[in-house]
>>> print(open('query_15.tsv').read())   # TSV, C-alpha atoms and all ligand atoms
chain	number	residue	atom	x	y	z
N	1	MET	CA	32.07	-54.13	77.44
N	2	PRO	CA	29.29	-52.96	75.10
N	3	ARG	CA	26.75	-53.71	77.80
N	4	LEU	CA	28.76	-51.59	80.13
N	5	LEU	CA	28.67	-48.79	77.59
N	6	LEU	CA	24.91	-48.99	77.36
N	7	VAL	CA	24.54	-48.96	81.08
N	8	LEU	CA	26.78	-45.95	81.23
N	9	LEU	CA	24.79	-44.14	78.60
N	10	VAL	CA	21.39	-44.91	79.92
N	11	SER	CA	21.89	-44.31	83.61
N	12	ALA	CA	23.63	-41.09	84.37
N	13	ALA	CA	23.35	-42.02	88.04
N	14	LEU	CA	26.34	-44.36	87.95
N	15	PRO	CA	29.56	-43.16	89.45
N	16	ALA	CA	31.94	-41.42	87.12
N	17	ALA	CA	34.11	-43.66	85.02
N	18	ALA	CA	37.43	-42.88	83.46
N	19	ASP	CA	37.53	-41.81	79.79
N	20	GLU	CA	36.71	-44.70	77.56
N	21	CYS	CA	37.27	-44.33	73.86
N	22	TYR	CA	35.70	-46.32	71.05
N	23	SER	CA	36.71	-46.28	67.44
N	24	VAL	CA	34.27	-46.08	64.56
N	25	ASP	CA	34.31	-49.34	62.66
N	26	PRO	CA	33.69	-48.74	58.94
N	27	ALA	CA	33.05	-52.45	58.25
N	28	GLY	CA	29.29	-52.92	58.10
N	29	GLY	CA	28.74	-49.22	58.65
N	30	SER	CA	27.57	-46.69	56.11
N	31	VAL	CA	27.60	-43.01	55.37
N	32	SER	CA	25.19	-42.12	52.60
N	33	PHE	CA	23.87	-38.90	51.15
N	34	GLU	CA	20.78	-37.81	49.24
N	35	LEU	CA	20.01	-34.65	47.32
N	36	ARG	CA	17.74	-33.65	44.43
N	37	GLN	CA	18.85	-33.78	40.80
N	38	ALA	CA	16.33	-32.35	38.33
N	39	GLY	CA	13.68	-32.75	41.03
N	40	SER	CA	14.40	-36.43	41.78
N	41	PRO	CA	16.25	-37.90	44.74
N	42	PHE	CA	19.84	-38.90	43.96
N	43	ARG	CA	21.84	-41.04	46.36
N	44	GLY	CA	25.39	-42.07	46.97
N	45	ALA	CA	27.68	-43.31	49.73
N	46	PHE	CA	31.21	-42.94	51.11
N	47	HIS	CA	33.17	-46.05	51.96
N	48	ARG	CA	36.19	-44.79	53.88
N	49	PHE	CA	35.50	-43.14	57.20
N	50	GLY	CA	36.51	-43.50	60.81
N	51	GLY	CA	37.14	-41.66	64.03
N	52	GLU	CA	36.49	-42.02	67.72
N	53	LEU	CA	33.92	-41.40	70.36
N	54	CYS	CA	34.89	-41.01	74.02
N	55	ILE	CA	32.84	-41.41	77.14
N	56	ALA	CA	33.62	-39.59	80.34
N	57	GLN	CA	31.50	-39.16	83.43
N	58	SER	CA	29.06	-41.66	81.89
N	59	ARG	CA	28.34	-39.34	79.00
N	60	VAL	CA	29.58	-39.00	75.47
N	61	ALA	CA	32.25	-36.41	75.96
N	62	ARG	CA	33.91	-36.12	72.61
N	63	ILE	CA	33.35	-37.13	69.00
N	64	ASP	CA	36.01	-36.85	66.34
N	65	VAL	CA	35.15	-38.39	63.01
N	66	TRP	CA	36.47	-38.15	59.48
N	67	LEU	CA	35.56	-39.28	56.01
N	68	GLU	CA	37.48	-39.50	52.73
N	69	PRO	CA	35.38	-37.97	49.96
N	70	ALA	CA	37.52	-39.83	47.40
N	71	SER	CA	35.65	-42.97	48.48
N	72	VAL	CA	32.37	-41.60	47.11
N	73	GLU	CA	30.25	-43.99	45.09
N	74	THR	CA	27.05	-43.48	43.13
N	75	ALA	CA	26.07	-46.06	40.52
N	76	LEU	CA	27.69	-43.88	37.84
N	77	PRO	CA	31.50	-43.87	37.41
N	78	GLU	CA	31.48	-40.55	35.52
N	79	ILE	CA	29.57	-38.89	38.35
N	80	ASP	CA	31.95	-40.33	40.95
N	81	ALA	CA	34.81	-38.79	38.98
N	82	ALA	CA	33.04	-35.42	38.79
N	83	LEU	CA	32.37	-35.45	42.55
N	84	LYS	CA	36.09	-35.89	43.26
N	85	ALA	CA	37.01	-32.94	41.04
N	86	LYS	CA	37.55	-29.31	42.02
N	87	GLU	CA	33.93	-28.17	41.66
N	88	PHE	CA	32.71	-30.69	44.22
N	89	PHE	CA	34.98	-32.25	46.87
N	90	ASP	CA	38.33	-31.33	45.35
N	91	VAL	CA	39.82	-34.43	46.93
N	92	ALA	CA	43.34	-33.63	45.73
N	93	SER	CA	43.52	-30.52	47.94
N	94	HIS	CA	41.09	-31.64	50.64
N	95	PRO	CA	41.37	-35.40	51.16
N	96	ARG	CA	39.43	-35.39	54.43
N	97	ILE	CA	36.12	-34.15	55.74
N	98	ALA	CA	36.11	-33.89	59.54
N	99	PHE	CA	33.68	-33.29	62.35
N	100	ALA	CA	34.81	-32.46	65.88
N	101	SER	CA	32.30	-32.03	68.66
N	102	GLU	CA	32.37	-29.16	71.11
N	103	SER	CA	29.45	-30.31	73.23
N	104	VAL	CA	27.11	-33.28	73.41
N	105	GLN	CA	23.64	-33.05	74.93
N	106	VAL	CA	21.42	-35.94	75.92
N	107	ARG	CA	17.77	-35.67	74.86
N	108	ASP	CA	15.80	-38.74	75.93
N	109	ASP	CA	17.11	-41.64	73.89
N	110	ARG	CA	18.79	-39.28	71.47
N	111	GLN	CA	21.83	-37.09	71.74
N	112	LEU	CA	22.89	-33.95	69.98
N	113	ALA	CA	26.49	-33.21	69.09
N	114	ARG	CA	27.34	-29.59	68.37
N	115	GLY	CA	30.65	-28.95	66.73
N	116	THR	CA	32.58	-27.95	63.67
N	117	LEU	CA	32.24	-29.57	60.29
N	118	ASP	CA	35.19	-29.02	58.02
N	119	ILE	CA	34.65	-29.65	54.31
N	120	LYS	CA	36.95	-28.30	51.59
N	121	GLY	CA	38.67	-26.11	54.14
N	122	LYS	CA	35.39	-24.42	55.08
N	123	ARG	CA	34.59	-24.74	58.77
N	124	ARG	CA	30.99	-24.31	59.81
N	125	ASN	CA	29.06	-24.95	63.00
N	126	ALA	CA	26.98	-28.09	62.68
N	127	GLU	CA	24.48	-29.95	64.84
N	128	VAL	CA	24.41	-33.70	64.48
N	129	PRO	CA	21.71	-35.66	66.29
N	130	PHE	CA	22.58	-39.32	66.88
N	131	ARG	CA	21.59	-42.41	68.82
N	132	LEU	CA	23.64	-45.04	70.55
N	133	ARG	CA	22.24	-48.50	70.99
N	134	GLU	CA	23.42	-52.04	71.13
N	135	SER	CA	23.32	-54.22	68.07
N	136	GLY	CA	24.88	-57.66	67.75
N	137	GLY	CA	26.74	-57.25	71.00
N	138	LYS	CA	28.39	-54.00	69.93
N	139	PRO	CA	27.45	-50.39	70.48
N	140	LEU	CA	26.11	-48.84	67.30
N	141	VAL	CA	25.99	-45.14	66.51
N	142	SER	CA	23.52	-43.84	63.93
N	143	GLY	CA	21.84	-40.63	62.93
N	144	SER	CA	21.02	-38.24	60.16
N	145	PHE	CA	21.28	-34.52	59.52
N	146	THR	CA	21.07	-32.12	56.62
N	147	LEU	CA	23.47	-29.51	55.41
N	148	ASP	CA	23.49	-26.86	52.71
N	149	ARG	CA	26.15	-27.91	50.21
N	150	LEU	CA	26.65	-24.28	49.15
N	151	ASP	CA	27.88	-23.39	52.66
N	152	TYR	CA	30.87	-25.61	51.95
N	153	GLY	CA	31.38	-24.84	48.26
N	154	ILE	CA	30.30	-28.33	47.17
N	155	GLY	CA	29.24	-27.72	43.58
N	156	THR	CA	30.68	-24.39	42.50
N	157	GLY	CA	30.18	-22.49	39.23
N	158	GLU	CA	27.25	-23.76	37.18
N	159	TRP	CA	26.56	-26.41	39.84
N	160	SER	CA	25.40	-23.78	42.29
N	161	ASP	CA	22.14	-23.70	40.31
N	162	THR	CA	19.87	-25.28	42.92
N	163	ARG	CA	16.97	-25.73	40.52
N	164	TRP	CA	18.87	-28.61	38.90
N	165	LEU	CA	20.97	-29.69	41.87
N	166	GLY	CA	19.34	-29.14	45.25
N	167	ALA	CA	21.18	-27.23	47.97
N	168	GLU	CA	19.98	-29.43	50.80
N	169	VAL	CA	21.89	-32.67	51.32
N	170	LYS	CA	20.69	-35.29	53.77
N	171	ILE	CA	23.38	-37.43	55.37
N	172	ASP	CA	22.60	-40.78	57.00
N	173	PHE	CA	25.21	-42.64	58.99
N	174	SER	CA	25.52	-45.74	61.10
N	175	ALA	CA	28.54	-47.66	62.34
N	176	ALA	CA	29.53	-50.06	65.03
N	177	LEU	CA	31.98	-48.93	67.72
N	178	SER	CA	34.86	-51.03	68.99
N	179	ARG	CA	36.60	-50.50	72.28
N	180	ARG	CA	40.16	-49.38	71.82
O	1	MET	CA	-14.20	-33.08	4.61
O	2	VAL	CA	-12.24	-34.16	7.68
O	3	ASN	CA	-12.78	-37.65	9.04
O	4	LEU	CA	-11.90	-38.43	12.62
O	5	ARG	CA	-11.84	-42.15	11.95
O	6	ASN	CA	-9.95	-44.05	9.28
O	7	SER	CA	-11.83	-44.86	6.07
O	8	THR	CA	-10.98	-47.65	3.64
O	9	GLU	CA	-9.15	-45.02	1.54
O	10	SER	CA	-7.35	-42.89	4.09
O	11	TYR	CA	-6.26	-42.49	7.68
O	12	GLY	CA	-8.54	-40.24	9.75
O	13	ILE	CA	-7.32	-37.03	11.31
O	14	ILE	CA	-6.72	-38.66	14.73
O	15	ALA	CA	-4.46	-41.39	13.35
O	16	GLN	CA	-2.67	-38.73	11.27
O	17	ALA	CA	-2.20	-36.49	14.30
O	18	PHE	CA	-0.75	-39.42	16.28
O	19	HIS	CA	1.55	-40.28	13.39
O	20	TRP	CA	3.02	-36.82	12.86
O	21	LEU	CA	3.22	-35.95	16.52
O	22	VAL	CA	5.08	-39.18	17.33
O	23	ALA	CA	7.30	-38.71	14.26
O	24	LEU	CA	8.23	-35.18	15.32
O	25	LEU	CA	8.86	-36.14	18.96
O	26	VAL	CA	10.91	-39.23	18.09
O	27	LEU	CA	13.14	-37.22	15.73
O	28	ALA	CA	13.62	-34.55	18.41
O	29	GLN	CA	14.24	-37.28	20.97
O	30	LEU	CA	16.92	-38.97	18.84
O	31	GLY	CA	18.64	-35.60	18.45
O	32	ILE	CA	18.43	-34.69	22.15
O	33	GLY	CA	19.61	-38.17	23.24
O	34	LEU	CA	22.58	-38.16	20.89
O	35	TYR	CA	23.53	-34.61	21.88
O	36	ALA	CA	23.13	-35.12	25.64
O	37	ALA	CA	24.87	-38.51	25.78
O	38	ASN	CA	27.97	-36.97	24.23
O	39	LEU	CA	28.20	-34.02	26.61
O	40	PRO	CA	30.68	-34.26	29.49
O	41	VAL	CA	29.21	-34.32	33.02
O	42	SER	CA	27.84	-30.79	33.27
O	43	LEU	CA	24.70	-28.89	34.12
O	44	ALA	CA	23.81	-28.92	30.41
O	45	ARG	CA	24.01	-32.72	30.35
O	46	LEU	CA	21.87	-32.96	33.48
O	47	ARG	CA	19.30	-30.59	32.00
O	48	TRP	CA	19.13	-32.21	28.54
O	49	LEU	CA	19.02	-35.74	29.92
O	50	SER	CA	16.23	-34.71	32.25
O	51	HIS	CA	14.21	-33.32	29.31
O	52	HIS	CA	15.11	-36.48	27.36
O	53	LYS	CA	13.72	-38.76	30.07
O	54	SER	CA	10.47	-36.80	30.42
O	55	LEU	CA	9.97	-36.55	26.67
O	56	GLY	CA	10.77	-40.25	26.23
O	57	LEU	CA	8.08	-41.22	28.71
O	58	ALA	CA	5.64	-38.87	26.97
O	59	ILE	CA	6.40	-40.70	23.70
O	60	LEU	CA	5.80	-44.05	25.41
O	61	ALA	CA	2.41	-42.85	26.69
O	62	LEU	CA	1.46	-41.43	23.28
O	63	VAL	CA	2.40	-44.67	21.53
O	64	LEU	CA	0.24	-46.69	23.92
O	65	LEU	CA	-2.70	-44.34	23.28
O	66	ARG	CA	-2.00	-44.57	19.58
O	67	LEU	CA	-2.08	-48.38	19.70
O	68	GLY	CA	-5.39	-48.18	21.58
O	69	TRP	CA	-6.86	-45.96	18.89
O	70	ARG	CA	-5.50	-48.27	16.20
O	71	ALA	CA	-7.09	-51.30	17.83
O	72	LEU	CA	-10.51	-49.61	17.65
O	73	ASN	CA	-9.99	-48.27	14.20
O	74	ARG	CA	-8.15	-50.47	11.71
O	75	PRO	CA	-5.86	-48.76	9.19
O	76	PRO	CA	-6.86	-48.68	5.52
O	77	GLY	CA	-5.52	-51.64	3.51
O	78	LEU	CA	-2.52	-51.14	1.25
O	79	PRO	CA	-3.28	-50.68	-2.47
O	80	GLY	CA	-3.57	-53.88	-4.54
O	81	SER	CA	-1.04	-52.39	-6.97
O	82	MET	CA	1.71	-53.19	-4.49
O	83	PRO	CA	3.39	-56.60	-4.80
O	84	ARG	CA	2.47	-59.00	-2.04
O	85	TRP	CA	5.98	-59.07	-0.50
O	86	GLU	CA	5.99	-55.27	-0.31
O	87	ARG	CA	2.67	-55.22	1.48
O	88	ARG	CA	3.98	-57.83	3.88
O	89	ALA	CA	7.22	-55.92	4.42
O	90	ALA	CA	5.26	-52.70	5.09
O	91	LEU	CA	3.02	-54.37	7.66
O	92	ALA	CA	6.00	-56.04	9.35
O	93	THR	CA	7.85	-52.71	9.50
O	94	HIS	CA	4.86	-51.03	11.11
O	95	ARG	CA	4.54	-53.77	13.72
O	96	LEU	CA	8.25	-53.58	14.50
O	97	PHE	CA	7.89	-49.81	14.84
O	98	TYR	CA	5.30	-50.15	17.56
O	99	LEU	CA	7.36	-52.80	19.30
O	100	LEU	CA	10.49	-50.60	19.29
O	101	LEU	CA	8.55	-47.48	20.23
O	102	ILE	CA	7.55	-49.32	23.39
O	103	LEU	CA	10.74	-51.25	24.12
O	104	ALA	CA	13.24	-48.42	23.45
O	105	PRO	CA	11.76	-45.93	25.92
O	106	PHE	CA	11.11	-48.79	28.35
O	107	ALA	CA	14.80	-49.71	28.25
O	108	GLY	CA	15.63	-46.03	28.82
O	109	TRP	CA	13.34	-46.02	31.86
O	110	LEU	CA	15.00	-49.22	33.14
O	111	TYR	CA	18.42	-47.65	32.62
O	112	ALA	CA	17.50	-44.43	34.41
O	113	SER	CA	16.06	-46.48	37.30
O	114	ALA	CA	19.09	-48.76	37.66
O	115	ALA	CA	21.47	-45.81	37.40
O	116	GLY	CA	19.68	-44.04	40.25
O	117	LEU	CA	18.66	-41.20	37.91
O	118	SER	CA	14.94	-41.28	38.64
O	119	VAL	CA	12.61	-39.14	36.57
O	120	ASN	CA	10.57	-36.21	37.80
O	121	TRP	CA	8.26	-35.76	34.81
O	122	PHE	CA	8.84	-32.22	33.50
O	123	GLY	CA	9.09	-31.17	37.15
O	124	LEU	CA	5.44	-32.12	37.71
O	125	PHE	CA	5.49	-35.49	39.45
O	126	GLN	CA	7.83	-38.25	40.51
O	127	VAL	CA	7.88	-41.26	38.17
O	128	PRO	CA	8.39	-44.57	39.99
O	129	ASP	CA	11.60	-46.53	39.40
O	130	LEU	CA	11.24	-49.89	37.66
O	131	VAL	CA	14.22	-51.52	39.41
O	132	SER	CA	16.42	-50.50	42.30
O	133	LYS	CA	19.85	-49.02	41.82
O	134	ASP	CA	22.42	-51.47	40.48
O	135	ARG	CA	25.61	-50.56	38.64
O	136	GLN	CA	25.88	-53.75	36.55
O	137	LEU	CA	22.22	-53.71	35.61
O	138	ALA	CA	22.56	-50.04	34.65
O	139	GLU	CA	25.35	-50.90	32.19
O	140	LEU	CA	23.21	-53.65	30.69
O	141	PHE	CA	20.10	-51.46	30.29
O	142	LYS	CA	22.18	-48.64	28.86
O	143	ALA	CA	23.50	-50.97	26.14
O	144	LEU	CA	19.96	-52.26	25.56
O	145	HIS	CA	18.59	-48.70	25.26
O	146	ILE	CA	21.27	-47.70	22.78
O	147	GLY	CA	20.82	-50.91	20.76
O	148	LEU	CA	17.03	-50.55	20.54
O	149	VAL	CA	17.33	-46.86	19.69
O	150	ALA	CA	19.83	-47.65	16.91
O	151	LEU	CA	17.37	-50.21	15.52
O	152	LEU	CA	14.58	-47.65	15.76
O	153	ALA	CA	16.65	-45.05	13.90
O	154	SER	CA	17.40	-47.56	11.10
O	155	LEU	CA	13.72	-48.34	10.85
O	156	VAL	CA	12.93	-44.61	10.60
O	157	ALA	CA	15.37	-44.35	7.67
O	158	LEU	CA	13.77	-47.34	5.92
O	159	HIS	CA	10.26	-46.03	6.58
O	160	VAL	CA	11.00	-42.50	5.30
O	161	GLY	CA	12.75	-43.94	2.24
O	162	ALA	CA	9.78	-46.18	1.45
O	163	ALA	CA	7.28	-43.34	1.97
O	164	LEU	CA	9.23	-41.09	-0.38
O	165	ARG	CA	9.39	-43.87	-2.97
O	166	HIS	CA	5.59	-44.11	-2.86
O	167	ALA	CA	5.21	-40.32	-3.03
O	168	LEU	CA	7.77	-39.47	-5.68
O	169	LEU	CA	8.45	-42.57	-7.79
O	170	LEU	CA	5.38	-44.78	-7.60
O	171	ARG	CA	3.02	-41.82	-7.12
O	172	ASP	CA	0.37	-44.07	-5.60
O	173	SER	CA	-2.04	-43.27	-2.74
O	174	VAL	CA	0.20	-44.52	0.10
O	175	MET	CA	1.80	-41.21	1.13
O	176	ARG	CA	-1.38	-39.21	0.62
O	177	ARG	CA	-3.34	-41.37	3.06
O	178	MET	CA	-1.20	-40.10	5.90
O	179	LEU	CA	-1.28	-36.43	4.87
O	180	PRO	CA	-3.93	-34.19	6.44
O	181	TRP	CA	-4.15	-32.22	3.18
O	182	LYS	CA	-4.70	-34.00	-0.13
O	183	PRO	CA	-2.36	-33.11	-2.99
O	184	ARG	CA	-3.81	-33.78	-6.47
O	185	SER	CA	-3.90	-37.43	-7.26
O	186	ASN	CA	-2.18	-39.03	-10.23
O	187	ASP	CA	-3.82	-42.44	-9.90
X	1	LIG	C1	11.37	-43.08	21.88
X	1	LIG	C2	12.02	-42.78	22.96
X	1	LIG	C3	13.52	-42.59	23.06
X	1	LIG	C4	14.46	-42.41	22.09
X	1	LIG	C5	14.26	-42.33	20.58
X	1	LIG	C6	15.74	-42.25	22.76
X	1	LIG	C7	16.95	-42.03	22.12
X	1	LIG	C8	18.17	-41.92	22.76
X	1	LIG	C9	19.43	-41.71	22.11
X	1	LIG	C10	19.63	-41.55	20.61
X	1	LIG	C11	20.40	-41.69	23.05
X	1	LIG	C12	21.90	-41.54	22.85
X	1	LIG	C13	22.55	-42.88	22.85
X	1	LIG	C14	24.03	-42.77	22.73
X	1	LIG	O1	24.51	-42.55	21.63
X	1	LIG	O2	24.71	-42.91	23.76
X	1	LIG	C15	19.75	-41.85	24.35
X	1	LIG	C16	20.42	-41.87	25.57
X	1	LIG	C17	19.76	-41.91	26.79
X	1	LIG	N1	18.42	-42.12	26.99
X	1	LIG	FE1	17.00	-42.25	25.58
X	1	LIG	N2	15.55	-42.38	24.12
X	1	LIG	C18	14.20	-42.57	24.34
X	1	LIG	C19	13.58	-42.72	25.56
X	1	LIG	C20	14.21	-42.62	26.80
X	1	LIG	C21	13.55	-42.72	28.10
X	1	LIG	C22	12.05	-42.92	28.29
X	1	LIG	C23	14.52	-42.60	29.05
X	1	LIG	C24	14.40	-42.60	30.56
X	1	LIG	C25	13.30	-42.48	31.25
X	1	LIG	C26	15.78	-42.42	28.36
X	1	LIG	C27	17.00	-42.27	29.00
X	1	LIG	C28	18.20	-42.09	28.37
X	1	LIG	C29	19.45	-41.84	29.06
X	1	LIG	C30	19.62	-41.70	30.58
X	1	LIG	C31	20.43	-41.73	28.07
X	1	LIG	C32	21.91	-41.42	28.28
X	1	LIG	C33	22.79	-42.60	28.12
X	1	LIG	C34	24.15	-42.22	28.60
X	1	LIG	O3	24.36	-42.25	29.81
X	1	LIG	O4	25.00	-41.90	27.78
X	1	LIG	N3	15.57	-42.46	27.00
X	1	LIG	N4	18.40	-42.01	24.13
>>> encode(input="query_15.tsv", output="structure tokens", more="lines below")
Ligand code: HEM
Amino acid sequence: MPRLLLVLLVSAALPAAADECYSVDPAGGSVSFELRQAGSPFRGAFHRFGGELCIAQSRVARIDVWLEPASVETALPEIDAALKAKEFFDVASHPRIAFASESVQVRDDRQLARGTLDIKGKRRNAEVPFRLRESGGKPLVSGSFTLDRLDYGIGTGEWSDTRWLGAEVKIDFSAALSRR
Amino acid sequence: MVNLRNSTESYGIIAQAFHWLVALLVLAQLGIGLYAANLPVSLARLRWLSHHKSLGLAILALVLLRLGWRALNRPPGLPGSMPRWERRAALATHRLFYLLLILAPFAGWLYASAAGLSVNWFGLFQVPDLVSKDRQLAELFKALHIGLVALLASLVALHVGAALRHALLLRDSVMRRMLPWKPRSND
């Protein structure tokens, strides 16, 4: 089946297939972030995420993914706790971050999903470039994009001081897809 | 008359400058570290810890330079009026000082590296990490940093106490040798 997926993705000349949906497999996948603290890179990751990606007419037609910010992990427990609190992800009121695509464009071996990113109840347009390729017999989705944390109210109050905590956050993701 | 180099009687102005500069910075560093480590996660903690890391590395660099200068320029011997065990204890304390002044900031650097809190030195350049990020290792280096710093602080107390004893009770030349100005001698 993965081979079929690749064929579908690579050659748009094939006849149209019915919708095929794949779910994002968090095992072995990763969603990590990086921003600047006091001028140095600071990194962390989220462990609980999922969603689905559907193919129609031999193209990626729809992407719906989510992530639980409560699964954030840096190497510092006190920072993990602070990130879950109101000033950052406010996980009690907003347990999920979600991205839903509106359109997906193919650009050579890369694709670009345009859609809505919803963090802390703030919905913003976002562009997420990604790649699909085969790895270990499974299709693998990966990509990276940046966002401005202040657009989503991540780090309010004193934390909006971008000299000490950078505004730009780079997100890297990769996960295997399983046929559902 | 100001001597750059040490004489047999006194430290030179360079050794004195190293001594008082390092003393001042280490005291400030102990204060900043203690203050920052007890702040809750906040911008103030981030800011003070960032100054702490930069200053700590500056101290490490200064101490290495100071050791280099000391290697080229031996310190004056301790007065013969001191009992042998006291002279030995003084020399051992000074050696241990240098050791801790290298190991304590080094452990701090290891901790910052393992915790993923890399240092950008006073906002001027990125300092390399010594180890990659590792939660367990971070806990270990944090305990090591605090332990070495506690030892360093005890040594400071002993050192200041001994210096004051020489200056105020024994009234020998020991304190004067490290002062850039020379109070009247009682010897
Ligand atoms: C002579 C140099 C140094 C001295 C005297 C010193 C002293 C201290 C003191 C007193 C504390 C508070 C310990 C506590 O009670 O929890 C501290 C904490 C700390 N130090 Fe240093 N330090 C030095 C160098 C450094 C360096 C070079 C770094 C990193 C590059 C560093 C990183 C840290 C960090 C990150 C903490 C916070 C520990 C925590 O998370 O609570 N230190 N230091």
>>> atom_distance(input="query_15.tsv", atom1="CA of Leu62 (chain O)", atom2="CA of His159 (chain O)")
19.4 Å
>>> interface_residues(input="query_15.tsv", of="chain N", to="chain O", cutoff="6 Å", atoms="only C-alpha atoms", output="list in words")
Gly39, Ser40 and Ala75 of chain N
>>> atom_distance(input="query_15.tsv", atom1="CA of Ala92 (chain N)", atom2="CA of Thr116 (chain N)")
21.7 Å
>>> closest_residue(input="query_15.tsv", among="O:Val149, O:Val2, O:Leu21, O:Leu144", to="ligand LIG 1 (chain X)", atoms="all atoms listed in the file")
O:Val149
>>> axis_aligned_box(input="query_15.tsv", around="region 147-159 of chain O", padding_each_side="8 Å", output="lines of an AutoDock Vina configuration file")
center_x = 15.5
center_y = -47.6
center_z = 13.3
size_x = 26.6
size_y = 22.6
size_z = 30.8
>>> residues_near_ligand(input="query_15.tsv", ligand="ligand LIG 1 (chain X)", cutoff="7 Å", atoms="all atoms listed in the file", output="PyMOL selection string")
chain O and resi 26+29-31+33-34+36-38+49+52-57+59-60+101+104-106+108-109+111-112+119+142+145-146+149
>>> atom_distance(input="query_15.tsv", atom1="CA of Gln16 (chain O)", atom2="CA of Ile32 (chain O)")
24.1 Å
>>> closest_residue(input="query_15.tsv", among="O:Ala90, O:Leu100, O:Leu170, O:Leu64", to="Gly77 (chain O)", atoms="all atoms listed in the file")
O:Ala90
>>> residues_around(input="query_15.tsv", residues="Ile55 (chain N)", least_positions_apart="6", cutoff="8 Å", atoms="all atoms listed in the file", output="ChimeraX atom specification")
/N:18-21,61-62
>>> residues_around(input="query_15.tsv", residues="Leu140 (chain N)", least_positions_apart="2", cutoff="7 Å", atoms="all atoms listed in the file", output="list in words")
Leu132, Arg133, Glu134, Ser135, Lys138, Ser142, Ser174, Ala175, Ala176 and Leu177 of chain N
>>> closest_residue(input="query_15.tsv", among="N:Ser160, N:Ser93, N:Asn125, N:Ser101", to="Trp66 (chain N)", atoms="all atoms listed in the file")
N:Ser101
>>> closest_residue(input="query_15.tsv", among="O:Leu27, O:Ala162, O:Lys182, O:Leu155", to="Arg87 (chain O)", atoms="only C-alpha atoms")
O:Ala162
>>> closest_residue(input="query_15.tsv", among="O:Trp69, O:Trp48, O:Ser113, O:Ser81", to="His19 (chain O)", atoms="all atoms listed in the file")
O:Trp69
>>> decode(input="query_15.tsv", residues="region 118-128 of chain N", atoms="N, CA, C and O atoms", output="short mmCIF file (atom, residue, chain, number, x, y, z; two decimals), in the first residue's frame")
data_model
loop_
_atom_site.label_atom_id
_atom_site.label_comp_id
_atom_site.auth_asym_id
_atom_site.auth_seq_id
_atom_site.Cartn_x
_atom_site.Cartn_y
_atom_site.Cartn_z
N ASP N 118 -4.80 26.63 14.78
CA ASP N 118 -5.57 27.07 15.92
C ASP N 118 -4.78 26.75 17.19
O ASP N 118 -4.59 25.59 17.54
N ILE N 119 -4.30 27.82 17.84
CA ILE N 119 -3.56 27.64 19.09
C ILE N 119 -4.17 28.58 20.11
O ILE N 119 -4.33 29.77 19.84
N LYS N 120 -4.54 28.05 21.26
CA LYS N 120 -5.08 28.87 22.36
C LYS N 120 -6.32 29.63 21.89
O LYS N 120 -6.51 30.79 22.27
N GLY N 121 -7.07 29.02 21.02
CA GLY N 121 -8.30 29.67 20.56
C GLY N 121 -8.05 30.76 19.53
O GLY N 121 -8.97 31.42 19.07
N LYS N 122 -6.78 30.99 19.15
CA LYS N 122 -6.49 31.99 18.13
C LYS N 122 -6.27 31.28 16.81
O LYS N 122 -5.39 30.42 16.69
N ARG N 123 -7.08 31.64 15.81
CA ARG N 123 -7.00 30.97 14.51
C ARG N 123 -6.31 31.90 13.52
O ARG N 123 -6.73 33.02 13.31
N ARG N 124 -5.22 31.38 12.95
CA ARG N 124 -4.47 32.21 11.99
C ARG N 124 -4.21 31.38 10.74
O ARG N 124 -4.07 30.15 10.82
N ASN N 125 -4.08 32.08 9.61
CA ASN N 125 -3.70 31.39 8.38
C ASN N 125 -2.26 30.94 8.52
O ASN N 125 -1.42 31.69 9.01
N ALA N 126 -1.98 29.74 8.06
CA ALA N 126 -0.60 29.24 8.14
C ALA N 126 -0.27 28.47 6.87
O ALA N 126 -1.15 27.87 6.25
N GLU N 127 1.00 28.52 6.49
CA GLU N 127 1.49 27.76 5.35
C GLU N 127 2.50 26.75 5.86
O GLU N 127 3.47 27.12 6.51
N VAL N 128 2.26 25.50 5.57
CA VAL N 128 3.13 24.44 6.07
C VAL N 128 3.69 23.62 4.91
O VAL N 128 2.97 22.82 4.31
#
